[in-house]
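S.K.: What follows is final_32.txt; its format and atoms are compact mmCIF, C-alpha atoms.
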```txt
# COMPACT_ATOMS: atom_id res chain seq x y z
CA MET Z 260 -178.44 -80.41 -52.68
CA ILE Z 261 -175.20 -79.77 -54.47
CA ASP Z 262 -175.10 -79.70 -58.29
CA LEU Z 263 -174.04 -83.10 -59.65
CA ARG Z 264 -172.84 -81.62 -62.93
CA ALA Z 265 -170.59 -79.18 -61.06
CA LEU Z 266 -169.32 -82.06 -58.93
CA ARG Z 267 -168.33 -84.07 -62.01
CA GLU Z 268 -166.55 -81.06 -63.53
CA ASP Z 269 -164.66 -80.02 -60.38
CA PRO Z 270 -164.71 -82.65 -57.60
CA GLU Z 271 -161.75 -80.98 -55.85
CA ARG Z 272 -163.96 -78.00 -54.98
CA LEU Z 273 -166.23 -80.19 -52.87
CA ARG Z 274 -163.23 -81.96 -51.32
CA ALA Z 275 -161.81 -78.58 -50.26
CA SER Z 276 -165.18 -77.47 -48.93
CA GLN Z 277 -165.56 -80.64 -46.88
CA ARG Z 278 -162.07 -80.26 -45.41
CA ALA Z 279 -162.73 -76.61 -44.50
CA ARG Z 280 -165.91 -77.68 -42.69
CA GLY Z 281 -164.06 -80.46 -40.88
CA GLU Z 282 -166.12 -83.06 -42.75
CA ASP Z 283 -164.99 -86.25 -44.48
CA ASP Z 284 -163.89 -85.56 -48.06
CA ALA Z 285 -164.09 -89.27 -48.96
CA VAL Z 286 -167.79 -88.65 -49.63
CA VAL Z 287 -166.74 -87.13 -52.97
CA ASP Z 288 -165.43 -90.44 -54.29
CA ARG Z 289 -168.56 -92.21 -53.02
CA LEU Z 290 -170.81 -89.71 -54.84
CA LEU Z 291 -168.84 -89.97 -58.06
CA ASP Z 292 -168.91 -93.78 -57.89
CA LEU Z 293 -172.68 -93.86 -57.29
CA ASP Z 294 -173.28 -91.29 -60.02
CA GLY Z 295 -171.16 -93.26 -62.51
CA ARG Z 296 -172.87 -96.54 -61.70
CA ARG Z 297 -176.34 -94.99 -61.89
CA ARG Z 298 -175.62 -93.39 -65.27
CA SER Z 299 -174.19 -96.68 -66.55
CA ALA Z 300 -177.30 -98.54 -65.34
CA LEU Z 301 -179.54 -95.96 -67.01
CA THR Z 302 -177.64 -96.27 -70.29
CA SER Z 303 -177.89 -100.06 -70.16
CA PHE Z 304 -181.61 -99.87 -69.37
CA GLU Z 305 -182.30 -97.47 -72.23
CA GLN Z 306 -180.31 -99.56 -74.72
CA LEU Z 307 -182.11 -102.76 -73.70
CA ARG Z 308 -185.49 -101.04 -73.84
CA ALA Z 309 -184.73 -99.75 -77.36
CA GLU Z 310 -183.71 -103.28 -78.38
CA GLN Z 311 -186.89 -104.62 -76.81
CA LYS Z 312 -189.07 -102.25 -78.85
CA SER Z 313 -187.22 -103.10 -82.05
CA PHE Z 314 -187.39 -106.81 -81.25
CA GLY Z 315 -191.16 -106.62 -80.91
CA LYS Z 316 -191.51 -105.82 -84.62
CA SER Z 317 -189.45 -108.90 -85.58
CA VAL Z 318 -191.66 -111.14 -83.44
CA SER Z 319 -194.80 -109.88 -85.14
CA ARG Z 320 -193.42 -110.84 -88.57
CA ALA Z 321 -192.00 -114.28 -87.63
CA GLN Z 322 -193.79 -117.65 -87.83
CA GLY Z 323 -193.37 -121.20 -86.57
CA ASP Z 324 -190.20 -122.22 -84.72
CA GLU Z 325 -188.56 -118.87 -85.43
CA ARG Z 326 -191.45 -117.11 -83.72
CA GLN Z 327 -191.16 -119.29 -80.63
CA ALA Z 328 -187.43 -118.61 -80.39
CA LEU Z 329 -188.01 -114.91 -80.78
CA LEU Z 330 -190.75 -114.97 -78.13
CA ALA Z 331 -188.35 -116.66 -75.71
CA ARG Z 332 -185.74 -113.98 -76.43
CA ALA Z 333 -188.38 -111.25 -76.00
CA LYS Z 334 -189.26 -112.67 -72.58
CA GLU Z 335 -185.58 -112.71 -71.64
CA LEU Z 336 -185.17 -109.10 -72.82
CA ALA Z 337 -188.22 -107.99 -70.80
CA GLN Z 338 -186.70 -109.46 -67.65
CA GLN Z 339 -183.35 -107.77 -68.34
CA VAL Z 340 -185.07 -104.41 -68.92
CA LYS Z 341 -186.94 -104.80 -65.64
CA GLU Z 342 -183.73 -105.66 -63.77
CA ARG Z 343 -181.75 -102.75 -65.26
CA GLU Z 344 -184.54 -100.30 -64.48
CA ALA Z 345 -184.73 -101.55 -60.88
CA GLU Z 346 -180.95 -101.23 -60.56
CA ALA Z 347 -180.98 -97.66 -61.93
CA ASP Z 348 -183.81 -96.73 -59.54
CA ARG Z 349 -182.01 -98.28 -56.58
CA LEU Z 350 -178.76 -96.49 -57.39
CA GLY Z 351 -180.68 -93.24 -57.92
CA GLU Z 352 -182.27 -93.51 -54.48
CA GLU Z 353 -178.90 -94.35 -52.93
CA LEU Z 354 -177.32 -91.35 -54.65
CA ASP Z 355 -180.14 -89.01 -53.53
CA ALA Z 356 -179.78 -90.21 -49.95
CA ALA Z 357 -176.01 -89.66 -50.06
CA LEU Z 358 -176.43 -86.18 -51.58
CA LYS Z 359 -178.87 -85.14 -48.84
CA GLY Z 360 -176.18 -85.81 -46.27
CA VAL Z 361 -173.64 -83.51 -47.93
CA PRO Z 362 -173.61 -79.83 -46.85
CA ASN Z 363 -173.51 -76.96 -49.30
CA LEU Z 364 -170.29 -75.95 -51.02
CA ILE Z 365 -168.76 -73.03 -49.15
CA GLU Z 366 -168.10 -69.76 -50.92
CA ASP Z 367 -164.51 -68.78 -51.74
CA GLY Z 368 -162.97 -66.84 -48.87
CA VAL Z 369 -164.88 -68.48 -46.00
CA PRO Z 370 -162.50 -69.10 -43.05
CA ALA Z 371 -161.71 -72.76 -42.45
CA GLY Z 372 -162.17 -74.29 -39.01
CA GLY Z 373 -164.73 -74.39 -36.22
CA GLU Z 374 -166.76 -72.10 -33.98
CA GLN Z 375 -163.78 -70.04 -32.75
CA ASP Z 376 -162.13 -69.63 -36.16
CA TYR Z 377 -164.32 -66.81 -37.46
CA ALA Z 378 -162.82 -63.67 -39.03
CA VAL Z 379 -163.79 -60.26 -37.65
CA LEU Z 380 -164.70 -58.04 -40.61
CA GLU Z 381 -165.41 -54.77 -38.80
CA HIS Z 382 -166.23 -53.12 -35.48
CA VAL Z 383 -168.96 -50.48 -35.37
CA GLY Z 384 -169.09 -48.23 -32.31
CA GLU Z 385 -167.14 -48.49 -29.07
CA PRO Z 386 -168.02 -50.96 -26.31
CA THR Z 387 -170.26 -49.19 -23.81
CA SER Z 388 -168.59 -48.11 -20.58
CA PHE Z 389 -170.20 -46.94 -17.33
CA ASP Z 390 -169.17 -44.96 -14.26
CA PHE Z 391 -171.23 -47.38 -12.14
CA GLU Z 392 -171.52 -51.15 -11.79
CA PRO Z 393 -173.85 -52.20 -14.64
CA LYS Z 394 -176.68 -54.67 -14.10
CA ASP Z 395 -177.27 -57.58 -16.44
CA HIS Z 396 -180.39 -57.69 -18.59
CA LEU Z 397 -182.30 -59.99 -16.24
CA GLU Z 398 -181.75 -57.84 -13.18
CA LEU Z 399 -182.70 -54.78 -15.19
CA GLY Z 400 -185.71 -56.53 -16.69
CA GLU Z 401 -186.99 -57.64 -13.30
CA GLY Z 402 -186.51 -54.14 -11.87
CA LEU Z 403 -188.47 -52.65 -14.79
CA GLY Z 404 -191.26 -55.21 -14.45
CA ALA Z 405 -190.34 -56.34 -17.97
CA ILE Z 406 -189.16 -59.97 -17.60
CA ASP Z 407 -190.60 -62.71 -15.39
CA MET Z 408 -188.54 -65.90 -15.59
CA GLU Z 409 -189.94 -67.41 -12.39
CA ARG Z 410 -193.52 -67.61 -13.60
CA GLY Z 411 -192.34 -68.70 -17.06
CA ALA Z 412 -190.65 -71.70 -15.44
CA LYS Z 413 -193.70 -72.35 -13.25
CA VAL Z 414 -196.02 -72.50 -16.24
CA SER Z 415 -193.80 -74.01 -18.95
CA GLY Z 416 -190.47 -75.13 -17.47
CA ALA Z 417 -186.87 -73.95 -17.66
CA ARG Z 418 -185.95 -71.36 -20.30
CA PHE Z 419 -189.46 -70.07 -20.72
CA TYR Z 420 -190.41 -66.57 -19.60
CA TYR Z 421 -193.03 -63.86 -19.64
CA LEU Z 422 -192.37 -60.44 -21.11
CA THR Z 423 -194.56 -58.15 -19.02
CA GLY Z 424 -195.51 -54.48 -19.12
CA VAL Z 425 -192.76 -52.45 -20.81
CA GLY Z 426 -190.96 -55.72 -21.67
CA ALA Z 427 -193.78 -56.80 -23.98
CA ARG Z 428 -194.10 -53.24 -25.30
CA LEU Z 429 -190.36 -53.07 -26.02
CA GLN Z 430 -190.49 -56.31 -28.01
CA TYR Z 431 -193.48 -55.10 -30.03
CA ALA Z 432 -191.70 -51.80 -30.68
CA LEU Z 433 -188.50 -53.52 -31.78
CA LEU Z 434 -190.22 -55.92 -34.16
CA ASN Z 435 -192.51 -53.23 -35.56
CA LEU Z 436 -189.47 -51.07 -36.29
CA ALA Z 437 -187.90 -54.01 -38.14
CA MET Z 438 -191.06 -54.64 -40.16
CA GLU Z 439 -191.35 -50.96 -41.02
CA GLN Z 440 -187.77 -50.87 -42.29
CA ALA Z 441 -188.16 -54.03 -44.36
CA VAL Z 442 -191.42 -52.94 -45.97
CA ALA Z 443 -189.89 -49.55 -46.82
CA ALA Z 444 -187.05 -51.46 -48.53
CA GLY Z 445 -189.55 -53.34 -50.71
CA PHE Z 446 -189.99 -56.59 -48.79
CA VAL Z 447 -193.43 -58.22 -48.88
CA PRO Z 448 -194.65 -58.68 -45.28
CA MET Z 449 -195.69 -62.22 -44.32
CA TYR Z 450 -197.27 -63.94 -41.34
CA PRO Z 451 -196.23 -67.59 -41.94
CA PRO Z 452 -197.27 -70.89 -40.33
CA VAL Z 453 -194.89 -72.10 -37.63
CA LEU Z 454 -195.84 -75.76 -38.00
CA VAL Z 455 -194.49 -77.30 -41.22
CA LYS Z 456 -194.41 -80.67 -42.99
CA PRO Z 457 -191.25 -82.82 -43.00
CA GLU Z 458 -190.47 -81.96 -46.64
CA ALA Z 459 -190.31 -78.25 -45.76
CA MET Z 460 -188.02 -78.83 -42.77
CA GLU Z 461 -185.82 -81.31 -44.62
CA GLY Z 462 -185.74 -79.20 -47.77
CA THR Z 463 -184.27 -76.24 -45.91
CA GLY Z 464 -181.60 -78.45 -44.31
CA PHE Z 465 -182.78 -78.47 -40.69
CA LEU Z 466 -183.15 -82.23 -40.24
CA GLY Z 467 -179.46 -83.05 -40.51
CA ALA Z 468 -176.83 -82.33 -37.87
CA HIS Z 469 -179.14 -79.94 -35.99
CA ALA Z 470 -182.23 -82.16 -35.91
CA ALA Z 471 -181.88 -82.43 -32.12
CA GLU Z 472 -182.70 -78.71 -31.86
CA VAL Z 473 -186.08 -79.14 -33.60
CA TYR Z 474 -189.40 -79.75 -31.85
CA GLN Z 475 -191.52 -82.43 -33.54
CA LEU Z 476 -195.20 -83.33 -33.25
CA PRO Z 477 -195.13 -87.01 -34.34
CA GLN Z 478 -198.91 -87.57 -34.32
CA GLU Z 479 -199.46 -84.74 -36.80
CA GLU Z 480 -196.18 -85.33 -38.70
CA LEU Z 481 -195.35 -81.66 -38.28
CA TYR Z 482 -192.38 -79.69 -36.97
CA LEU Z 483 -192.25 -76.41 -35.05
CA VAL Z 484 -189.93 -74.02 -36.87
CA GLY Z 485 -186.86 -72.48 -35.27
CA THR Z 486 -186.94 -69.67 -37.82
CA SER Z 487 -189.44 -68.42 -40.40
CA GLU Z 488 -186.70 -69.11 -42.96
CA VAL Z 489 -188.31 -72.56 -43.20
CA PRO Z 490 -191.87 -71.61 -44.25
CA LEU Z 491 -190.52 -68.76 -46.40
CA ALA Z 492 -188.12 -71.07 -48.27
CA ALA Z 493 -190.94 -73.58 -48.80
CA TYR Z 494 -193.45 -70.91 -49.89
CA HIS Z 495 -192.54 -71.42 -53.56
CA MET Z 496 -191.79 -75.15 -53.22
CA ASN Z 497 -192.38 -77.01 -56.53
CA GLU Z 498 -192.93 -73.73 -58.37
CA ILE Z 499 -191.31 -71.72 -61.15
CA ILE Z 500 -190.88 -68.09 -60.10
CA ASP Z 501 -191.60 -65.67 -62.93
CA GLU Z 502 -189.72 -62.66 -61.60
CA LEU Z 503 -186.57 -62.24 -59.49
CA PRO Z 504 -185.64 -61.13 -56.96
CA ARG Z 505 -188.52 -61.96 -54.61
CA ARG Z 506 -188.06 -60.57 -51.10
CA TYR Z 507 -190.26 -61.45 -48.13
CA VAL Z 508 -190.13 -60.47 -44.47
CA ALA Z 509 -191.89 -62.50 -41.80
CA TRP Z 510 -192.71 -61.94 -38.13
CA SER Z 511 -193.13 -65.23 -36.30
CA SER Z 512 -192.66 -67.06 -33.07
CA CYS Z 513 -189.75 -69.51 -33.20
CA PHE Z 514 -189.07 -72.65 -31.19
CA ARG Z 515 -185.74 -74.32 -30.42
CA ARG Z 516 -184.81 -77.05 -27.98
CA GLU Z 517 -181.39 -75.44 -27.35
CA ALA Z 518 -179.92 -78.79 -26.34
CA GLY Z 519 -176.45 -78.51 -24.84
CA SER Z 520 -176.58 -74.82 -23.85
CA TYR Z 521 -175.14 -74.03 -20.45
CA GLY Z 522 -173.56 -71.35 -18.24
CA LYS Z 523 -174.33 -67.68 -18.90
CA ASP Z 524 -176.48 -68.66 -21.89
CA THR Z 525 -179.12 -70.14 -19.62
CA ARG Z 526 -179.63 -66.98 -17.53
CA GLY Z 527 -182.39 -64.68 -18.71
CA ILE Z 528 -183.53 -64.56 -22.32
CA ILE Z 529 -180.30 -65.19 -24.26
CA ARG Z 530 -181.02 -68.84 -25.11
CA VAL Z 531 -184.66 -69.75 -24.67
CA HIS Z 532 -187.08 -72.25 -26.15
CA GLN Z 533 -189.49 -69.68 -27.62
CA PHE Z 534 -188.83 -66.22 -29.03
CA ASP Z 535 -190.10 -63.87 -31.72
CA LYS Z 536 -188.15 -62.88 -34.79
CA VAL Z 537 -188.42 -60.75 -37.91
CA GLU Z 538 -186.69 -62.57 -40.76
CA MET Z 539 -185.80 -61.37 -44.25
CA PHE Z 540 -185.83 -63.90 -47.07
CA SER Z 541 -184.75 -63.50 -50.68
CA TYR Z 542 -185.09 -65.57 -53.85
CA CYS Z 543 -182.72 -64.34 -56.54
CA ASP Z 544 -180.74 -65.26 -59.64
CA PRO Z 545 -177.72 -67.32 -58.47
CA ALA Z 546 -175.44 -64.88 -60.30
CA ASP Z 547 -176.68 -62.11 -57.97
CA ALA Z 548 -176.53 -64.12 -54.73
CA HIS Z 549 -173.23 -62.72 -53.42
CA ALA Z 550 -174.37 -59.11 -53.94
CA GLU Z 551 -177.76 -59.89 -52.40
CA HIS Z 552 -176.00 -61.35 -49.37
CA LEU Z 553 -174.16 -58.07 -48.82
CA ARG Z 554 -177.44 -56.15 -49.20
CA LEU Z 555 -179.06 -58.22 -46.45
CA LEU Z 556 -176.08 -57.53 -44.20
CA GLU Z 557 -176.43 -53.77 -44.83
CA TRP Z 558 -180.11 -53.88 -43.85
CA GLU Z 559 -179.14 -55.65 -40.60
CA LYS Z 560 -176.50 -53.00 -39.89
CA GLU Z 561 -179.07 -50.27 -40.55
CA MET Z 562 -181.36 -51.79 -37.92
CA LEU Z 563 -178.53 -52.04 -35.37
CA ALA Z 564 -177.71 -48.38 -35.94
CA LYS Z 565 -181.34 -47.46 -35.21
CA CYS Z 566 -181.08 -49.31 -31.90
CA GLU Z 567 -177.82 -47.45 -31.17
CA LEU Z 568 -175.87 -50.60 -30.37
CA PRO Z 569 -172.10 -51.18 -30.65
CA TYR Z 570 -171.40 -54.36 -32.59
CA ARG Z 571 -168.99 -56.29 -34.74
CA VAL Z 572 -169.46 -58.26 -37.96
CA ILE Z 573 -167.91 -61.70 -38.28
CA ASP Z 574 -167.41 -64.06 -41.22
CA THR Z 575 -168.43 -67.41 -39.75
CA ALA Z 576 -165.95 -70.28 -40.15
CA ALA Z 577 -166.88 -73.18 -42.43
CA GLY Z 578 -167.21 -75.70 -39.60
CA ASP Z 579 -169.77 -73.48 -37.84
CA LEU Z 580 -172.02 -73.05 -40.89
CA GLY Z 581 -175.32 -74.84 -41.12
CA ALA Z 582 -175.67 -77.47 -43.82
CA SER Z 583 -177.46 -75.10 -46.20
CA ALA Z 584 -175.19 -72.08 -45.92
CA ALA Z 585 -172.35 -71.38 -48.33
CA ARG Z 586 -171.43 -68.33 -46.25
CA LYS Z 587 -172.78 -66.61 -43.15
CA PHE Z 588 -172.15 -63.18 -41.66
CA ASP Z 589 -173.12 -62.58 -38.03
CA CYS Z 590 -173.60 -59.23 -36.34
CA GLU Z 591 -172.74 -59.49 -32.66
CA ALA Z 592 -173.84 -56.75 -30.24
CA TRP Z 593 -171.78 -55.76 -27.23
CA VAL Z 594 -173.11 -57.18 -23.93
CA PRO Z 595 -171.48 -55.11 -21.15
CA THR Z 596 -171.95 -57.48 -18.22
CA GLN Z 597 -170.44 -60.36 -20.17
CA ASN Z 598 -167.67 -58.13 -21.53
CA THR Z 599 -168.10 -59.72 -24.93
CA TYR Z 600 -170.06 -59.62 -28.19
CA ARG Z 601 -173.11 -61.88 -28.65
CA GLU Z 602 -174.87 -62.78 -31.88
CA VAL Z 603 -178.02 -60.79 -32.62
CA THR Z 604 -178.30 -61.27 -36.39
CA SER Z 605 -177.08 -63.71 -38.99
CA THR Z 606 -177.45 -63.67 -42.75
CA SER Z 607 -176.76 -66.73 -44.90
CA ASN Z 608 -176.27 -67.24 -48.61
CA CYS Z 609 -177.62 -70.73 -49.31
CA THR Z 610 -176.94 -70.48 -53.07
CA GLU Z 611 -179.05 -73.11 -54.92
CA PHE Z 612 -178.81 -75.72 -52.13
CA GLN Z 613 -182.31 -75.29 -50.67
CA ALA Z 614 -183.92 -74.57 -54.03
CA ARG Z 615 -182.71 -77.88 -55.46
CA ARG Z 616 -184.20 -79.76 -52.51
CA LEU Z 617 -187.47 -77.80 -52.63
CA SER Z 618 -187.65 -77.58 -56.45
CA VAL Z 619 -187.88 -73.79 -56.64
CA ARG Z 620 -186.88 -72.67 -60.12
CA TYR Z 621 -186.82 -69.75 -62.55
CA LYS Z 622 -186.43 -69.54 -66.34
CA ASP Z 623 -182.98 -68.46 -67.48
CA ALA Z 624 -182.23 -66.33 -70.56
CA ASP Z 625 -182.55 -69.46 -72.74
CA GLY Z 626 -185.94 -70.34 -71.28
CA LYS Z 627 -184.58 -73.30 -69.32
CA ASN Z 628 -185.71 -74.02 -65.77
CA GLN Z 629 -182.88 -73.49 -63.27
CA PRO Z 630 -182.78 -73.51 -59.45
CA VAL Z 631 -182.90 -70.07 -57.80
CA ALA Z 632 -180.61 -68.94 -54.99
CA THR Z 633 -182.10 -68.44 -51.52
CA LEU Z 634 -180.82 -66.15 -48.78
CA ASN Z 635 -182.01 -65.24 -45.30
CA GLY Z 636 -181.20 -62.61 -42.70
CA THR Z 637 -182.35 -61.74 -39.18
CA LEU Z 638 -183.66 -58.21 -38.74
CA ALA Z 639 -184.64 -58.37 -35.05
CA THR Z 640 -185.30 -60.95 -32.34
CA THR Z 641 -186.25 -61.10 -28.68
CA ARG Z 642 -182.52 -61.43 -27.87
CA TRP Z 643 -181.93 -57.84 -29.01
CA MET Z 644 -183.60 -56.76 -25.78
CA VAL Z 645 -180.55 -58.09 -23.88
CA ALA Z 646 -178.26 -55.64 -25.68
CA ILE Z 647 -180.76 -52.75 -25.62
CA LEU Z 648 -181.36 -53.00 -21.86
CA GLU Z 649 -177.70 -53.43 -20.94
CA ASN Z 650 -176.18 -50.82 -23.25
CA HIS Z 651 -178.76 -48.11 -22.52
CA GLN Z 652 -179.08 -48.60 -18.76
CA ARG Z 653 -178.57 -45.81 -16.25
CA ALA Z 654 -177.29 -45.85 -12.68
CA ASP Z 655 -180.77 -45.79 -11.13
CA GLY Z 656 -181.85 -48.94 -13.02
CA SER Z 657 -183.80 -47.04 -15.67
CA VAL Z 658 -183.13 -47.59 -19.38
CA ARG Z 659 -182.99 -44.97 -22.14
CA VAL Z 660 -185.10 -45.92 -25.16
CA PRO Z 661 -183.28 -45.48 -28.51
CA GLU Z 662 -184.89 -42.66 -30.47
CA ALA Z 663 -186.04 -44.87 -33.36
CA LEU Z 664 -188.03 -47.05 -30.93
CA GLN Z 665 -189.70 -44.21 -29.07
CA LYS Z 666 -192.52 -43.66 -31.57
CA PHE Z 667 -193.54 -47.34 -31.28
CA LEU Z 668 -193.04 -47.57 -27.52
CA GLY Z 669 -194.41 -44.16 -26.57
CA LEU Z 670 -191.69 -43.77 -23.94
CA GLU Z 671 -188.28 -42.13 -23.82
CA VAL Z 672 -187.17 -43.92 -20.65
CA LEU Z 673 -188.12 -47.22 -19.01
CA GLU Z 674 -188.42 -46.61 -15.30
CA PRO Z 675 -188.05 -49.17 -12.48
CA VAL Z 676 -191.36 -50.24 -10.94
CA LYS Z 677 -192.19 -50.07 -7.27
CA ARG Z 678 -192.58 -53.46 -5.63
```
Could you express the structure from this file as structure tokens?

M.R.:
Amino acid sequence: MIDLRALREDPERLRASQRARGEDDAVVDRLLDLDGRRRSALTSFEQLRAEQKSFGKSVSRAQGDERQALLARAKELAQQVKEREAEADRLGEELDAALKGVPNLIEDGVPAGGEQDYAVLEHVGEPTSFDFEPKDHLELGEGLGAIDMERGAKVSGARFYYLTGVGARLQYALLNLAMEQAVAAGFVPMYPPVLVKPEAMEGTGFLGAHAAEVYQLPQEELYLVGTSEVPLAAYHMNEIIDELPRRYVAWSSCFRREAGSYGKDTRGIIRVHQFDKVEMFSYCDPADAHAEHLRLLEWEKEMLAKCELPYRVIDTAAGDLGASAARKFDCEAWVPTQNTYREVTSTSNCTEFQARRLSVRYKDADGKNQPVATLNGTLATTRWMVAILENHQRADGSVRVPEALQKFLGLEVLEPVKR
């Protein structure tokens, strides 16, 4: 959640953030009103309770009619204390509920607007060109015996698939390369649960506007995660971390309903219901969060260079940020057959937003408990195979394997299979 103290000191910052996201800025006045009323109710409750305690001593010393009058007043005070406490609790719950519906404050410099209002920060490499008509990743994958959408649909329904033969081997190679890089950079490797409790999913901000994308198991009161960001963020839930930064990297299967996707996105493995991903996650001092965000982006760019992919980096517009993110950078790889760039990584600075909801804290220089900052960044996913197959294809339908992947895959070229 956002910091109430910061809201009181500078409400215009949240108003500006809401407007940049395309959200209603009237929520600021509602929050301030609820906060003021709750604090007033708490003050009244505490004053009445202090009076009640003091009054009790007078009752014990009084006798006769005076005692009866004082007892009557004591009873009246007890009822007033109970009412003020109930009012403060009610307003506190109302304020908490309102706060949970407010997205994080965006970082200075984030472009305003919606999905198409991003800013391109840099291009790396030239879009791949061919002297033949390139095939798309699905046609290539089928020719290589690497992707089987037909049997995926037969077994599980639309947007499920099998990675077969060199397809499965290529995914393992890609994700192993990502894990190797992250561990070498000092990340602690993790294999997290992919079913989490509601407080973990809600705490990371995934049960708001994007709740329709989440798979739920109502009988068990569990959710399937769409990213290992969720179990990694909740790993230190209700804890005080003794040393920062803490960096983890997780390999997990991820599950998304992908409601509303259509067109080219539904062909092949670009938008599917299940995929694997290697995710970086960092807990750090909030003062270091901006610099840590840039470090995560550099690690993503390093991985893209190893896969020899042309890409661009975009600064995502405020209206296209998730609720938790204060800023998000996406790396988008060139997809030749679509003649465009498609997202393959994203890294988000969530500042203290998730940590407040999950109660993850550290001790500051004065020994006081403060919320940490949390950040996440994709290092590789199944979708990378789309860009790898298409950019490294050859005229005969074979695909050159990037050098960094060859030691994991054991192949320099993926060859078409005979049918």

S.K.: Looking at Z:Arg616, Z:Arg653, Z:Arg410, Z:Lys456, which one is nearest to Z:Gln478, with distances taken over all atoms listed in the file?

M.R.: Z:Lys456

S.K.: So that I can check the surroundings of Z:Pro490, please list as a ChimeraX atom specification every protein, DNA and RNA residue that reaches within 12 Å of it, counting all atoms listed in the file and ignoring chain neighbours fewer than 4 positions away.

M.R.: /Z:449-463,465,482-486,494-496,507-511,513,538-540,617,635

S.K.: So, counting only C-alpha atoms, which residue among Z:Gly669, Z:Pro595, Z:Gly411, Z:Gly467 is closest to Z:Lys394?

M.R.: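 Comparing Z:Gly669, Z:Pro595, Z:Gly411, Z:Gly467 against Z:Lys394, the winner is Z:Pro595.
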
S.K.: When you count all atoms listed in the file, which of these residues is closest to Z:Lys565: Z:Ala437, Z:Tyr600, Z:His532, Z:Arg289?

M.R.: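 Ranking Z:Ala437, Z:Tyr600, Z:His532, Z:Arg289 by distance to Z:Lys565, first place goes to Z:Ala437.
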
S.K.: Here is a test: counting all atoms listed in the file, which residue of Z:Asp589, Z:Asp283, Z:Asp395, Z:Glu502 is nearest to Z:Gly656?

M.R.: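 Closest residue, counting all atoms listed in the file: Z:Asp395.
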
S.K.: Would you compute the distance between atom CA of Z:Pro386 and atom CA of Z:Val594? Give it in Å to one decimal.

M.R.: 8.4 Å

S.K.: Skipping near chain neighbours, those fewer than 4 positions away, what residues fall within 10 Å of Z:Gly384 using all atoms listed in the file, listed as a PyMOL selection string?

M.R.: chain Z and resi 564+567-571+592-593

S.K.: Report the distance between atom CA of Z:Thr606 and atom CA of Z:Lys622 in Å, rounded to one decimal place.

M.R.: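 Answer for the atom CA of Z:Thr606 to atom CA of Z:Lys622 separation: 25.9 Å.
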
S.K.: So what do you get for atom CA of Z:Phe588 versus atom CA of Z:Ile500, distance-wise?

M.R.: 26.7 Å

S.K.: Determine the nearest neighbour of Z:Leu673 from the options Z:Met260, Z:Ala639, Z:Val425, Z:Ala548, counting only C-alpha atoms.

M.R.: Z:Val425

S.K.: Just want the 9 Å neighbourhood of Z:Leu380, counted on only C-alpha atoms, with same-chain residues fewer than 4 positions away dropped. Output as a list in words.

M.R.: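 Near Z:Leu380, the qualifying residues are Arg571, Val572, Ile573 and Asp574 of chain Z.
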
S.K.: I need the residue nearest Z:Gln475 from this list: Z:Val489, Z:Leu273, Z:Arg515, Z:Ile647. Use all atoms listed in the file for the distance.

M.R.: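 Counting all atoms listed in the file, the residue closest to Z:Gln475 is Z:Arg515.
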
S.K.: Residues within 12 Å of Z:Cys609, please, as a VMD selection string. Count all atoms listed in the file; anything in the same chain fewer than 5 positions from it doesn't count.

M.R.: chain Z and resid 260 to 261 362 to 366 462 to 464 488 492 540 to 543 545 548 to 549 551 to 552 580 to 587 614 to 616 630 to 636

S.K.: For Z:Arg264, list every protein, DNA or RNA residue within 12 Å, evaluated using only C-alpha atoms, and leave out those in the same chain fewer than 2 positions away; present the list as number ranges by chain.

M.R.: Z: 260-262, 266-270, 290-291, 294-295

S.K.: List the residues sitting within 10 Å of (-183.5, -47.1, -20.9) in the file's frame, using only C-alpha atoms, as JSON, numbers by chain.

M.R.: {"Z": [399, 403, 647, 648, 649, 650, 651, 652, 653, 656, 657, 658, 659, 660, 661, 670, 671, 672, 673, 674, 675]}

S.K.: Give the centre and edge lengths of an axis-aligned box, in Å to one decimal, that holds all listed atoms of stretch 624-637 of chain Z with 4 Å on each side, as AutoDock Vina command-line options.

M.R.:
```
--center_x -183.3 --center_y -67.9 --center_z -56.0 --size_x 13.3 --size_y 20.3 --size_z 41.6
```

S.K.: May I have the residues at most 9 Å from (-180.7, -63.8, -27.4) in the file's coordinates, counting only C-alpha atoms, as a list in words?

M.R.: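 Every polymer residue passing the test: Asp524, Gly527, Ile528, Ile529, Arg530, Val531, Phe534, Arg601, Glu602, Val603, Thr640, Thr641, Arg642, Trp643, Met644, Val645 and Ala646 of chain Z.
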